[in-house]
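Visitor: Here it is, the structure in full.
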Amino acid sequence: MRHILVLAHTGRSEAVQSAVDTCHQLVSAGLMPVIRAADLDCILEAEPSLVDVVKVLDRDVPLDEIELGMVLGGDGTILRSAEIVRDANPPMLGVNLGHVGFLAESEHTELTQAVQRVVNRQYVVEERMTIDVEVWLDHQKIAHTWALNEATVEKADRERMLEVVIEVDANPISTFGCDGVVMATPTGSTAYAFSAGGPVVWPEVSALVMVPIAAHALFAKPLVVSPASTMAVEVLTRTDAQGVLWCDGRRTVELPPGARVEVTRSAFPVRLARLSETPFAERLVRKFELPIKGWRGPVPTTSRDTPTTAIPVIREADVVEPPHNTERLQYLPGHHNNTP
């Protein structure tokens, strides 16, 4: 029996109804829908007939027997679902019921087709980098967590600036006051890091990104570093300003002065199911509704094969040296020669 985990934002009636429809379609196709115990009452209240049909995760079906997770909601629901399936890491297929839904593969109007593709096993699995996050204080590790999108060090008090030092591979880069610092994966580069002014990094690029938030400094530019690097942010002790760590907006740790957050690439990626090989650039344009009017397309392959004349190389002997005695130059009226 094939087990499909159905994860929905049960706080929204649209998501609950989508979960009910998904369960019915899976059952009709001979697959077994599985839901979380926390979602059971909400699903059964909407559709009591599912009581003898659906199975409950962990109680009836262990996580390692889940083939795939159907995630019904926005990016926040997908991030929550990544946390739920972390231990066994089945692939997740997102159906967007939110706003941007950058991590989602399908829109709500395509739900029936998406479920059918799962039934037919017509999907591919893509791995996305995650990060390990450690918090240190007085040379003692006080927390260890992870993130798919980003780990963000932020000021805890709205009225007070956070004083930090940023570091890459045990080398200090700069100290400054700021609202925070985002340390992101390529997946997270289109989330909080993007809003803070960071670069968009293609998912297949192995890199880590560090983006200061509203920093009071001459050098506070986004950094793109090696995936083998260790990024760190330390809350300075020269003030008593408190910080807070947020991972994917879900897991949080308080950061007193002297606390240090270290971020490295995790050995455990998150797996996303894809129904098509849509280029990331196309997804970027569609999700952010970017203007592309006037684009004429790439150069045709046939044109690329046309022989062209090579650009001549300028030899040192061909370069004419300008005269050294500029006082003898004759300036012509109308020329921009900066003469009085």
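Residue numbering restarts at 1 for every chain of the structure tokens, chains are lettered A, B, ... in their displayed order, and ligands are numbered from 1 as they appear.
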Output as a Markdown table one row per residue of range 47-135 of chain A within 7 Å of range 170-189 of chain A: the closest atom pair and its distance in Å to one decimal place, counting only C-alpha atoms, sorted by chain and residue number ascending.

Guide:
```
| residue | atom | partner | partner_atom | distance |
| --- | --- | --- | --- | --- |
| A:Arg128 | CA | A:Thr187 | CA | 6.9 |
| A:Met129 | CA | A:Thr185 | CA | 6.5 |
| A:Thr130 | CA | A:Thr185 | CA | 6.5 |
```

Visitor: Quick one: DSSP alpha helix (DSSP H) residues in range 5-180 of chain A, as an MDAnalysis selection string?

Guide: chainID A and resid 13:28 37:46 75:84 111:119

Visitor: Only N, CA and C atoms, please: the residues just picked out, written as a compact mmCIF listing (two decimals), in the first residue's frame.

Guide:
```txt
# COMPACT_ATOMS: atom_id res chain seq x y z
N SER A 13 -10.22 27.40 5.94
CA SER A 13 -11.26 26.50 5.44
C SER A 13 -10.93 25.99 4.04
N GLU A 14 -10.32 26.83 3.22
CA GLU A 14 -9.96 26.42 1.87
C GLU A 14 -8.95 25.28 1.90
N ALA A 15 -8.00 25.36 2.81
CA ALA A 15 -6.99 24.30 2.93
C ALA A 15 -7.61 23.01 3.44
N VAL A 16 -8.54 23.12 4.39
CA VAL A 16 -9.20 21.92 4.92
C VAL A 16 -9.99 21.23 3.82
N GLN A 17 -10.74 21.99 3.03
CA GLN A 17 -11.51 21.40 1.94
C GLN A 17 -10.60 20.77 0.90
N SER A 18 -9.46 21.41 0.64
CA SER A 18 -8.50 20.84 -0.30
C SER A 18 -7.94 19.52 0.22
N ALA A 19 -7.72 19.44 1.54
CA ALA A 19 -7.25 18.20 2.15
C ALA A 19 -8.29 17.10 2.00
N VAL A 20 -9.56 17.44 2.22
CA VAL A 20 -10.65 16.47 2.07
C VAL A 20 -10.70 15.97 0.62
N ASP A 21 -10.64 16.89 -0.33
CA ASP A 21 -10.68 16.49 -1.75
C ASP A 21 -9.49 15.61 -2.10
N THR A 22 -8.33 15.94 -1.57
CA THR A 22 -7.13 15.15 -1.85
C THR A 22 -7.27 13.74 -1.29
N CYS A 23 -7.78 13.62 -0.08
CA CYS A 23 -7.98 12.30 0.54
C CYS A 23 -8.93 11.45 -0.30
N HIS A 24 -10.04 12.03 -0.74
CA HIS A 24 -11.00 11.28 -1.55
C HIS A 24 -10.36 10.82 -2.86
N GLN A 25 -9.60 11.68 -3.50
CA GLN A 25 -8.98 11.32 -4.77
C GLN A 25 -7.93 10.23 -4.59
N LEU A 26 -7.17 10.29 -3.51
CA LEU A 26 -6.17 9.26 -3.23
C LEU A 26 -6.83 7.91 -2.98
N VAL A 27 -7.91 7.91 -2.20
CA VAL A 27 -8.62 6.66 -1.90
C VAL A 27 -9.19 6.06 -3.17
N SER A 28 -9.77 6.90 -4.03
CA SER A 28 -10.35 6.41 -5.28
C SER A 28 -9.29 5.78 -6.17
N ALA A 37 -2.18 13.54 13.69
CA ALA A 37 -3.18 13.47 14.76
C ALA A 37 -3.73 14.85 15.10
N ALA A 38 -2.86 15.87 15.02
CA ALA A 38 -3.28 17.23 15.34
C ALA A 38 -4.30 17.77 14.34
N ASP A 39 -4.33 17.20 13.14
CA ASP A 39 -5.26 17.67 12.11
C ASP A 39 -6.51 16.81 12.00
N LEU A 40 -6.55 15.69 12.72
CA LEU A 40 -7.62 14.71 12.55
C LEU A 40 -9.00 15.28 12.81
N ASP A 41 -9.19 15.93 13.95
CA ASP A 41 -10.52 16.44 14.29
C ASP A 41 -11.01 17.45 13.27
N CYS A 42 -10.13 18.31 12.82
CA CYS A 42 -10.51 19.34 11.86
C CYS A 42 -10.93 18.72 10.52
N ILE A 43 -10.20 17.72 10.08
CA ILE A 43 -10.52 17.06 8.81
C ILE A 43 -11.83 16.29 8.92
N LEU A 44 -12.02 15.56 10.01
CA LEU A 44 -13.24 14.77 10.17
C LEU A 44 -14.46 15.64 10.40
N GLU A 45 -14.28 16.80 10.99
CA GLU A 45 -15.40 17.72 11.16
C GLU A 45 -15.90 18.20 9.79
N ALA A 46 -14.96 18.39 8.88
CA ALA A 46 -15.34 18.82 7.53
C ALA A 46 -15.89 17.67 6.69
N ASP A 75 4.07 29.04 1.57
CA ASP A 75 5.45 28.70 1.91
C ASP A 75 5.61 28.40 3.40
N GLY A 76 4.85 29.10 4.24
CA GLY A 76 4.92 28.83 5.68
C GLY A 76 4.50 27.41 6.02
N THR A 77 3.47 26.91 5.33
CA THR A 77 3.02 25.53 5.55
C THR A 77 4.07 24.54 5.08
N ILE A 78 4.75 24.86 3.99
CA ILE A 78 5.82 23.98 3.50
C ILE A 78 6.98 23.95 4.48
N LEU A 79 7.33 25.09 5.06
CA LEU A 79 8.41 25.13 6.05
C LEU A 79 8.03 24.33 7.29
N ARG A 80 6.77 24.43 7.71
CA ARG A 80 6.31 23.65 8.87
C ARG A 80 6.33 22.16 8.53
N SER A 81 5.94 21.81 7.32
CA SER A 81 5.93 20.42 6.91
C SER A 81 7.34 19.85 6.83
N ALA A 82 8.30 20.67 6.40
CA ALA A 82 9.69 20.21 6.35
C ALA A 82 10.17 19.83 7.74
N GLU A 83 9.70 20.54 8.74
CA GLU A 83 10.05 20.22 10.13
C GLU A 83 9.41 18.89 10.55
N ILE A 84 8.18 18.65 10.11
CA ILE A 84 7.45 17.44 10.48
C ILE A 84 8.10 16.19 9.89
N LEU A 111 -4.91 21.36 -8.36
CA LEU A 111 -4.81 20.34 -7.31
C LEU A 111 -5.13 18.95 -7.85
N THR A 112 -6.24 18.82 -8.57
CA THR A 112 -6.64 17.50 -9.08
C THR A 112 -5.56 16.90 -9.97
N GLN A 113 -5.00 17.72 -10.86
CA GLN A 113 -3.94 17.23 -11.74
C GLN A 113 -2.69 16.85 -10.95
N ALA A 114 -2.38 17.62 -9.92
CA ALA A 114 -1.19 17.34 -9.11
C ALA A 114 -1.33 15.99 -8.40
N VAL A 115 -2.51 15.75 -7.82
CA VAL A 115 -2.73 14.46 -7.14
C VAL A 115 -2.63 13.31 -8.13
N GLN A 116 -3.17 13.50 -9.32
CA GLN A 116 -3.11 12.44 -10.32
C GLN A 116 -1.68 12.15 -10.74
N ARG A 117 -0.86 13.18 -10.82
CA ARG A 117 0.55 12.97 -11.15
C ARG A 117 1.24 12.16 -10.06
N VAL A 118 0.87 12.40 -8.81
CA VAL A 118 1.42 11.61 -7.71
C VAL A 118 0.97 10.16 -7.82
N VAL A 119 -0.31 9.97 -8.12
CA VAL A 119 -0.85 8.61 -8.28
C VAL A 119 -0.07 7.86 -9.36
```

Visitor: Could you give me, as a list in words, the residues within 7 Å of range 278-287 of chain A, counting only C-alpha atoms and dropping anything in the same chain fewer than 6 positions from it?

Guide: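 Surrounding residues, per the criterion: Val100, Phe102 and Trp202 of chain A.
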
Visitor: With only C-alpha atoms as the atoms that count, which of A:Val225, A:Ala147, A:Val135, A:Val211 lies nearest to Val168 in chain A?

Guide: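 Once distances to Val168 in chain A are computed over only C-alpha atoms, the minimum belongs to A:Val225.
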
Visitor: Can you pull out every residue from range 73-284 of chain A that DSSP, working from the backbone, puts in strand (DSSP E), and format the result as a count of residues only?

Guide: 89

Visitor: To one decimal in Å, tell me the separation between CA of Ala267 in chain A and CA of Asp87 in chain A.

Guide: 12.8 Å

Visitor: Might you pull out every residue within 12 Å of Met1 in chain A, with only C-alpha atoms counted and same-chain residues fewer than 4 positions away left off, and present them as a list in words?

Guide: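 Counting only the stated atoms, we get Leu26, Val27, Ala29, Gly30, Leu31, Met32, Pro33, Val34, Lys55, Val61, Glu65, Ile66, Glu67 and Val119 of chain A.
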
Visitor: Go ahead and dump the residues you just picked, N, CA and C atoms, as a short mmCIF file (atom, residue, chain, number, x, y, z; two decimals), in the first residue's frame.

Guide:
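Produced file result.cif, reproduced below:
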```cif
data_model
loop_
_atom_site.label_atom_id
_atom_site.label_comp_id
_atom_site.auth_asym_id
_atom_site.auth_seq_id
_atom_site.Cartn_x
_atom_site.Cartn_y
_atom_site.Cartn_z
N LEU A 26 -7.17 10.29 -3.51
CA LEU A 26 -6.17 9.26 -3.23
C LEU A 26 -6.83 7.91 -2.98
N VAL A 27 -7.91 7.91 -2.20
CA VAL A 27 -8.62 6.66 -1.90
C VAL A 27 -9.19 6.06 -3.17
N ALA A 29 -8.05 6.23 -6.05
CA ALA A 29 -6.96 5.70 -6.87
C ALA A 29 -6.26 4.52 -6.21
N GLY A 30 -6.72 4.13 -5.02
CA GLY A 30 -6.13 2.98 -4.35
C GLY A 30 -4.94 3.30 -3.46
N LEU A 31 -4.73 4.57 -3.16
CA LEU A 31 -3.66 4.98 -2.27
C LEU A 31 -4.23 5.29 -0.89
N MET A 32 -3.38 5.27 0.13
CA MET A 32 -3.84 5.49 1.50
C MET A 32 -3.43 6.89 1.96
N PRO A 33 -4.41 7.78 2.22
CA PRO A 33 -4.07 9.09 2.77
C PRO A 33 -3.75 8.99 4.26
N VAL A 34 -2.73 9.72 4.68
CA VAL A 34 -2.31 9.74 6.08
C VAL A 34 -2.31 11.20 6.54
N LYS A 55 -5.58 7.24 7.62
CA LYS A 55 -4.74 6.74 8.69
C LYS A 55 -4.06 7.93 9.38
N VAL A 61 0.68 4.67 10.83
CA VAL A 61 1.70 4.57 9.78
C VAL A 61 2.94 5.34 10.23
N GLU A 65 7.43 5.11 6.26
CA GLU A 65 6.62 4.43 5.25
C GLU A 65 5.86 5.41 4.36
N ILE A 66 6.10 6.69 4.56
CA ILE A 66 5.44 7.71 3.75
C ILE A 66 6.20 7.87 2.43
N GLU A 67 5.48 7.75 1.32
CA GLU A 67 6.10 7.91 0.00
C GLU A 67 6.33 9.38 -0.32
N VAL A 119 -0.31 9.97 -8.12
CA VAL A 119 -0.85 8.61 -8.28
C VAL A 119 -0.07 7.86 -9.36
#
```

Visitor: Can you tell me, as a PDB file with C-alpha atoms, in the first residue's frame, what residues are no more than 12 Å from range 160-162 of chain A when counting only C-alpha atoms, ignoring any on the same chain fewer than 6 positions away?

Guide:
```pdb
ATOM      1  CA  VAL A 153      19.774  37.140  14.181  1.00  0.00           C
ATOM      2  CA  GLU A 154      17.474  40.050  15.046  1.00  0.00           C
ATOM      3  CA  THR A 175      31.209  45.222  13.258  1.00  0.00           C
ATOM      4  CA  PHE A 176      28.137  47.435  13.067  1.00  0.00           C
ATOM      5  CA  GLY A 177      24.824  48.311  14.594  1.00  0.00           C
ATOM      6  CA  CYS A 178      21.833  46.865  12.777  1.00  0.00           C
ATOM      7  CA  ASP A 179      18.335  45.455  12.975  1.00  0.00           C
ATOM      8  CA  GLY A 180      19.729  41.993  12.294  1.00  0.00           C
ATOM      9  CA  VAL A 181      21.640  39.666   9.962  1.00  0.00           C
ATOM     10  CA  PRO A 212      22.803  42.608   7.041  1.00  0.00           C
ATOM     11  CA  ILE A 213      19.449  44.229   7.834  1.00  0.00           C
ATOM     12  CA  ALA A 214      19.418  48.039   8.052  1.00  0.00           C
ATOM     13  CA  ALA A 215      23.070  48.182   9.118  1.00  0.00           C
ATOM     14  CA  HIS A 216      24.664  51.483  10.167  1.00  0.00           C
ATOM     15  CA  VAL A 233      27.236  36.421  13.988  1.00  0.00           C
ATOM     16  CA  GLU A 234      28.188  37.427  17.518  1.00  0.00           C
ATOM     17  CA  VAL A 235      26.187  39.809  19.694  1.00  0.00           C
ATOM     18  CA  LEU A 236      28.696  42.288  21.092  1.00  0.00           C
ATOM     19  CA  THR A 237      28.966  42.963  24.808  1.00  0.00           C
ATOM     20  CA  ARG A 238      29.662  46.690  24.529  1.00  0.00           C
ATOM     21  CA  THR A 239      25.920  47.270  25.005  1.00  0.00           C
ATOM     22  CA  ASP A 240      23.281  45.308  26.872  1.00  0.00           C
ATOM     23  CA  ALA A 241      21.040  45.000  23.798  1.00  0.00           C
ATOM     24  CA  GLN A 242      19.432  41.571  23.491  1.00  0.00           C
ATOM     25  CA  GLY A 243      19.106  39.574  20.288  1.00  0.00           C
ATOM     26  CA  VAL A 244      16.934  36.695  19.152  1.00  0.00           C
ATOM     27  CA  LEU A 255      20.616  35.767  22.373  1.00  0.00           C
ATOM     28  CA  PRO A 256      22.073  37.711  25.314  1.00  0.00           C
ATOM     29  CA  PRO A 257      25.194  39.877  24.823  1.00  0.00           C
ATOM     30  CA  GLY A 258      28.132  37.596  24.035  1.00  0.00           C
TER      31      GLY A 258
END
```

Visitor: Which residues, written as a VMD selection string, have at least one atom at most 7 Å from Gly69 in chain A, with only C-alpha atoms counted and residues fewer than 5 positions away on the same chain left out?

Guide: chain A and resid 4 to 7 90 to 93

Visitor: Print the selection's residues with C-alpha atoms to a file, as a short mmCIF file (atom, residue, chain, number, x, y, z; two decimals), in the first residue's frame.

Guide:
```cif
data_model
loop_
_atom_site.label_atom_id
_atom_site.label_comp_id
_atom_site.auth_asym_id
_atom_site.auth_seq_id
_atom_site.Cartn_x
_atom_site.Cartn_y
_atom_site.Cartn_z
CA ILE A 4 0.65 9.70 1.05
CA LEU A 5 0.88 12.21 3.90
CA VAL A 6 -1.60 15.08 3.55
CA LEU A 7 -0.46 18.23 5.35
CA PRO A 90 10.12 11.93 2.21
CA PRO A 91 9.74 14.39 -0.67
CA MET A 92 7.13 17.15 -0.35
CA LEU A 93 4.88 18.41 -3.11
#
```

Visitor: With distances taken over only C-alpha atoms, which of A:Ala232, A:Leu272, A:Leu223, A:Ala151 is nearest to Leu68 in chain A?

Guide: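 Smallest distance to Leu68 in chain A is found for A:Leu272.
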
Visitor: In Å, rounded to a single decimal, give me how far CA of Glu126 in chain A is from CA of Met210 in chain A.

Guide: 23.8 Å

Visitor: Report, in Å to a single decimal, how far apart CA of Val270 in chain A and CA of Glu127 in chain A are.

Guide: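 It comes out at 5.7 Å.
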
Visitor: Rank A:Glu134, A:Asp169, A:Glu150, A:Asp157 by their smallest atom-to-atom distance to Arg260 in chain A, using only C-alpha atoms, and report the top residue only.

Guide: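 Comparing A:Glu134, A:Asp169, A:Glu150, A:Asp157 against Arg260 in chain A, the winner is A:Glu134.
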
Visitor: In terms of the shortest atom-to-atom distance over only C-alpha atoms, which of A:Pro222, A:Pro269, A:Pro312, A:Pro300 is closest to Arg86 in chain A?

Guide: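 When distances to Arg86 in chain A are compared using only C-alpha atoms, the smallest one comes from A:Pro269.
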